[in-house]
Amino acid sequence: MQKVLVAGATGYLGSHVVRELKKRGYYVRALARNPKKLTSIQDSIDEVFTGEVTKPESLEGACKNIDVLFSSIGITRQQDGLSYMDVDYQGNKNLLECAQANGVSKFIYTSVFNAEKMKQLNPIHAKIKFSDELRASGMNYAIVNPNGFFSDIEQYFEMAKFGVAFLIGDGTAKINPIHGEDLAKVCVDAIQKDEKQIDVGGPEIFTHREILELAFKALHKHPLIIQVPQWTVDLTAGTLKLFATENIYSPIEFAILALTLDMVAPAYGEKKLGDFFAELAQKA
Ligand SMILES: NC(=O)c1ccc[n+]([C@@H]2O[C@H](COP(=O)([O-])OP(=O)(O)OC[C@H]3O[C@@H](n4cnc5c(N)ncnc54)[C@H](OP(=O)(O)O)[C@@H]3O)[C@@H](O)[C@H]2O)c1
């Protein structure tokens, strides 16, 4: 039985990967800085290793007897006072060194779709820098480049729930977001496949306006969508950059760019966004 270390198991994608690995019969070791966050997936975990990817000394033993390391480590909403270079780059580099020192045979890393088109942004720069290290490391690897997750698209639903939604520009840029469960299957398939770069999106393509309309529909509300001109958003973001910390302005910069680029990745999976919104509406 192959043993997999999941770094990022406390997060959205990582928790789905843990479940998918267990379903397929892998031995799962979950790495977490706060193991209490693993409670909801504890039935799918064989062993918990407590460690902090940003503190290499705490990783000693984490990769022992491990065949494959999967990492979805990266800053999304965390506000720990650490930079993207500290976590997305250096944290993953510490994991890579741990894997190499322990003879791990494959490293599967989660980057982002269309990274090259967004490389000027700090989070993306850190991901590209780590991907380059991984490629040059001599280790067998796969880099998964996903489109937006349903967990992020939930923000559209929250706006619709509020009753008014805002769109940057005309909202005609396209995206095919993916559910964590579908994406986890692609990540686990990568263990056996030889593909090194895996671009991946969900099964349906929407414009951003269509996503908002779908969210209002799930809530049985009339869509009230306000279009914000691109220049206003750029000006506000530029001003914010002068005062706010990197972890505040970077997600905003990322959202502005990602919302105005066509982001259509090769389609995988079955989960429909309308069903996801309907489930959220039931709980609302
Ligand atoms: N969300 C999207 O739409 C999207 C799209 C494409 C790519 N991605 C990338 O995919 C990856 C996974 O995304 P996700 O939505 O699953 O993110 P998530 O739910 O925030 O999970 C991120 C994981 O990284 C860990 N982490 C973050 N900061 C850390 C730190 N300072 N020290 C130790 N661990 C830390 C988190 O641990 P804690 O739980 O302890 O904080 C968590 O396990 C990220 O790199 C993200 O940028 C996301």
# chains A, B, ... in the order shown; residues from 1 in each chain; ligands from 1
$ residues_near_ligand --ligand "ligand 1" --cutoff "8 Å" --atoms "only C-alpha atoms and all ligand atoms" --output "JSON, numbers by chain"
{"A": [7, 8, 9, 10, 11, 12, 13, 14, 15, 32, 33, 34, 37, 52, 53, 54, 72, 73, 74, 75, 76, 77, 78, 80, 82, 86, 87, 88, 91, 110, 111, 112, 113, 123, 127, 145, 146, 147, 148, 149, 150, 151, 152, 153, 177]}
$ residues_around --residues "A:Thr172" --least-positions-apart "2" --cutoff "10 Å" --atoms "only C-alpha atoms" --output "list of chain:residue names"
A:Leu167, A:Ile168, A:Gly169, A:Asp170, A:Lys174, A:Ile175, A:Phe206, A:Thr207, A:His208, A:Arg209, A:Glu210, A:Leu259, A:Thr260, A:Leu261, A:Asp262
$ closest_residue --among "A:Lys221, A:Pro56, A:Ile66, A:Leu121" --to "A:Tyr249" --atoms "only C-alpha atoms"
A:Leu121
$ select_by_dssp --residues "stretch 149-274 of chain A" --states "helix (DSSP H, G or I)" --output "VMD selection string"
chain A and resid 150 to 162 180 to 189 208 to 218 230 to 243 246 to 260 273 to 274
$ write_last_selection --atoms "C-alpha atoms" --output "mmCIF file, in the first residue's frame"
data_model
loop_
_atom_site.group_PDB
_atom_site.id
_atom_site.type_symbol
_atom_site.label_atom_id
_atom_site.label_comp_id
_atom_site.auth_asym_id
_atom_site.auth_seq_id
_atom_site.Cartn_x
_atom_site.Cartn_y
_atom_site.Cartn_z
ATOM 1 C CA PHE A 150 -16.227 26.316 -5.951
ATOM 2 C CA SER A 151 -15.140 27.424 -2.446
ATOM 3 C CA ASP A 152 -14.004 30.748 -3.933
ATOM 4 C CA ILE A 153 -17.008 31.089 -6.236
ATOM 5 C CA GLU A 154 -19.097 30.957 -3.035
ATOM 6 C CA GLN A 155 -18.328 34.687 -2.730
ATOM 7 C CA TYR A 156 -20.688 35.303 -5.670
ATOM 8 C CA PHE A 157 -23.398 33.505 -3.731
ATOM 9 C CA GLU A 158 -22.723 35.655 -0.665
ATOM 10 C CA MET A 159 -23.176 38.819 -2.769
ATOM 11 C CA ALA A 160 -26.449 37.494 -4.193
ATOM 12 C CA LYS A 161 -27.621 36.671 -0.648
ATOM 13 C CA PHE A 162 -26.882 40.259 0.314
ATOM 14 C CA GLY A 180 -12.885 20.251 -4.668
ATOM 15 C CA GLU A 181 -14.159 16.675 -4.981
ATOM 16 C CA ASP A 182 -13.630 16.651 -8.775
ATOM 17 C CA LEU A 183 -10.238 18.341 -8.453
ATOM 18 C CA ALA A 184 -9.121 15.859 -5.785
ATOM 19 C CA LYS A 185 -9.694 13.016 -8.287
ATOM 20 C CA VAL A 186 -7.349 14.739 -10.767
ATOM 21 C CA CYS A 187 -4.731 15.241 -8.012
ATOM 22 C CA VAL A 188 -4.881 11.586 -6.942
ATOM 23 C CA ASP A 189 -4.821 10.369 -10.585
ATOM 24 C CA HIS A 208 -18.864 36.002 -14.472
ATOM 25 C CA ARG A 209 -22.238 37.637 -15.106
ATOM 26 C CA GLU A 210 -23.797 34.194 -15.692
ATOM 27 C CA ILE A 211 -22.362 32.948 -12.391
ATOM 28 C CA LEU A 212 -23.985 35.840 -10.541
ATOM 29 C CA GLU A 213 -27.289 35.239 -12.300
ATOM 30 C CA LEU A 214 -27.104 31.563 -11.315
ATOM 31 C CA ALA A 215 -26.533 32.535 -7.672
ATOM 32 C CA PHE A 216 -29.557 34.888 -7.665
ATOM 33 C CA LYS A 217 -31.637 32.156 -9.338
ATOM 34 C CA ALA A 218 -30.732 29.626 -6.619
ATOM 35 C CA GLN A 230 -12.359 48.815 -14.563
ATOM 36 C CA TRP A 231 -10.564 52.167 -14.047
ATOM 37 C CA THR A 232 -12.354 52.774 -10.696
ATOM 38 C CA VAL A 233 -11.280 49.368 -9.427
ATOM 39 C CA ASP A 234 -7.690 49.826 -10.643
ATOM 40 C CA LEU A 235 -7.502 53.236 -8.935
ATOM 41 C CA THR A 236 -8.892 51.866 -5.644
ATOM 42 C CA ALA A 237 -6.543 48.866 -5.730
ATOM 43 C CA GLY A 238 -3.562 51.086 -6.539
ATOM 44 C CA THR A 239 -4.367 53.328 -3.567
ATOM 45 C CA LEU A 240 -4.899 50.341 -1.268
ATOM 46 C CA LYS A 241 -1.479 49.001 -2.245
ATOM 47 C CA LEU A 242 0.126 52.111 -0.763
ATOM 48 C CA PHE A 243 -1.301 51.462 2.719
ATOM 49 C CA GLU A 246 0.534 42.246 1.073
ATOM 50 C CA ASN A 247 -1.997 39.716 2.398
ATOM 51 C CA ILE A 248 -4.788 42.309 2.119
ATOM 52 C CA TYR A 249 -4.087 43.805 -1.313
ATOM 53 C CA SER A 250 -2.777 40.683 -3.115
ATOM 54 C CA PRO A 251 -6.104 38.754 -3.101
ATOM 55 C CA ILE A 252 -7.804 41.918 -4.400
ATOM 56 C CA GLU A 253 -5.217 42.358 -7.168
ATOM 57 C CA PHE A 254 -5.602 38.669 -8.018
ATOM 58 C CA ALA A 255 -9.394 38.907 -8.148
ATOM 59 C CA ILE A 256 -9.287 41.974 -10.396
ATOM 60 C CA LEU A 257 -6.994 40.294 -12.904
ATOM 61 C CA ALA A 258 -8.612 36.850 -12.752
ATOM 62 C CA LEU A 259 -12.096 38.370 -13.219
ATOM 63 C CA THR A 260 -11.107 40.112 -16.417
ATOM 64 C CA LEU A 273 -22.281 24.958 -10.017
ATOM 65 C CA GLY A 274 -26.087 25.294 -10.015
#
$ atom_distance --atom1 "atom CA of A:Ala265" --atom2 "atom CA of A:Lys196"
15.8 Å
$ residues_around --residues "A:Asp67" --least-positions-apart "2" --cutoff "7 Å" --atoms "only C-alpha atoms" --output "CSV table (one decimal) with N, CA and C atoms, in the first residue's frame"
chain,number,residue,atom,x,y,z
A,2,GLN,N,0.7,2.2,-1.0
A,2,GLN,CA,1.5,3.4,-1.0
A,2,GLN,C,1.1,4.4,0.1
A,3,LYS,N,2.1,5.0,0.6
A,3,LYS,CA,1.8,6.0,1.7
A,3,LYS,C,2.0,7.4,1.1
A,4,VAL,N,0.9,8.2,1.4
A,4,VAL,CA,0.9,9.6,0.9
A,4,VAL,C,0.9,10.6,2.1
A,65,ASN,N,9.3,7.1,5.4
A,65,ASN,CA,8.5,6.0,4.8
A,65,ASN,C,7.3,6.4,3.9
A,69,LEU,N,4.3,12.8,-1.9
A,69,LEU,CA,3.9,13.9,-1.1
A,69,LEU,C,3.0,14.8,-1.9
A,104,VAL,N,11.4,10.2,-0.9
A,104,VAL,CA,10.0,10.2,-1.4
A,104,VAL,C,10.1,10.1,-3.0
A,105,SER,N,9.2,9.3,-3.6
A,105,SER,CA,9.4,9.1,-5.0
A,105,SER,C,8.6,10.1,-5.9
A,106,LYS,N,7.6,10.8,-5.4
A,106,LYS,CA,6.9,11.8,-6.2
A,106,LYS,C,6.4,13.0,-5.4
$ closest_residue --among "A:Val164, A:Leu31, A:Ile191, A:Leu224" --to "A:Phe107" --atoms "only C-alpha atoms"
A:Ile191
$ residues_around --residues "stretch 92-102 of chain A" --least-positions-apart "3" --cutoff "6 Å" --atoms "only C-alpha atoms" --output "list in words"
Pro56, Cys63, Lys64 and Tyr89 of chain A
$ write_last_selection --atoms "C-alpha atoms" --output "mmCIF file, in the first residue's frame"
data_model
loop_
_atom_site.group_PDB
_atom_site.id
_atom_site.type_symbol
_atom_site.label_atom_id
_atom_site.label_comp_id
_atom_site.auth_asym_id
_atom_site.auth_seq_id
_atom_site.Cartn_x
_atom_site.Cartn_y
_atom_site.Cartn_z
ATOM 1 C CA PRO A 56 11.839 22.980 8.711
ATOM 2 C CA CYS A 63 8.347 12.256 5.213
ATOM 3 C CA LYS A 64 9.706 9.053 6.768
ATOM 4 C CA TYR A 89 7.599 29.321 -1.860
#
$ select_by_dssp --residues "stretch 51-246 of chain A" --states "strand (DSSP E)" --output "PyMOL selection string"
chain A and resi 68-71+106-110+140-146+165-168+174-175+197-200+206-207+225-228
$ atom_distance --atom1 "atom CA of A:Pro223" --atom2 "atom CA of A:Ala278"
15.7 Å
$ closest_residue --among "A:Met85, A:Leu5, A:Val68, A:Val144" --to "A:Phe49" --atoms "only C-alpha atoms"
A:Leu5
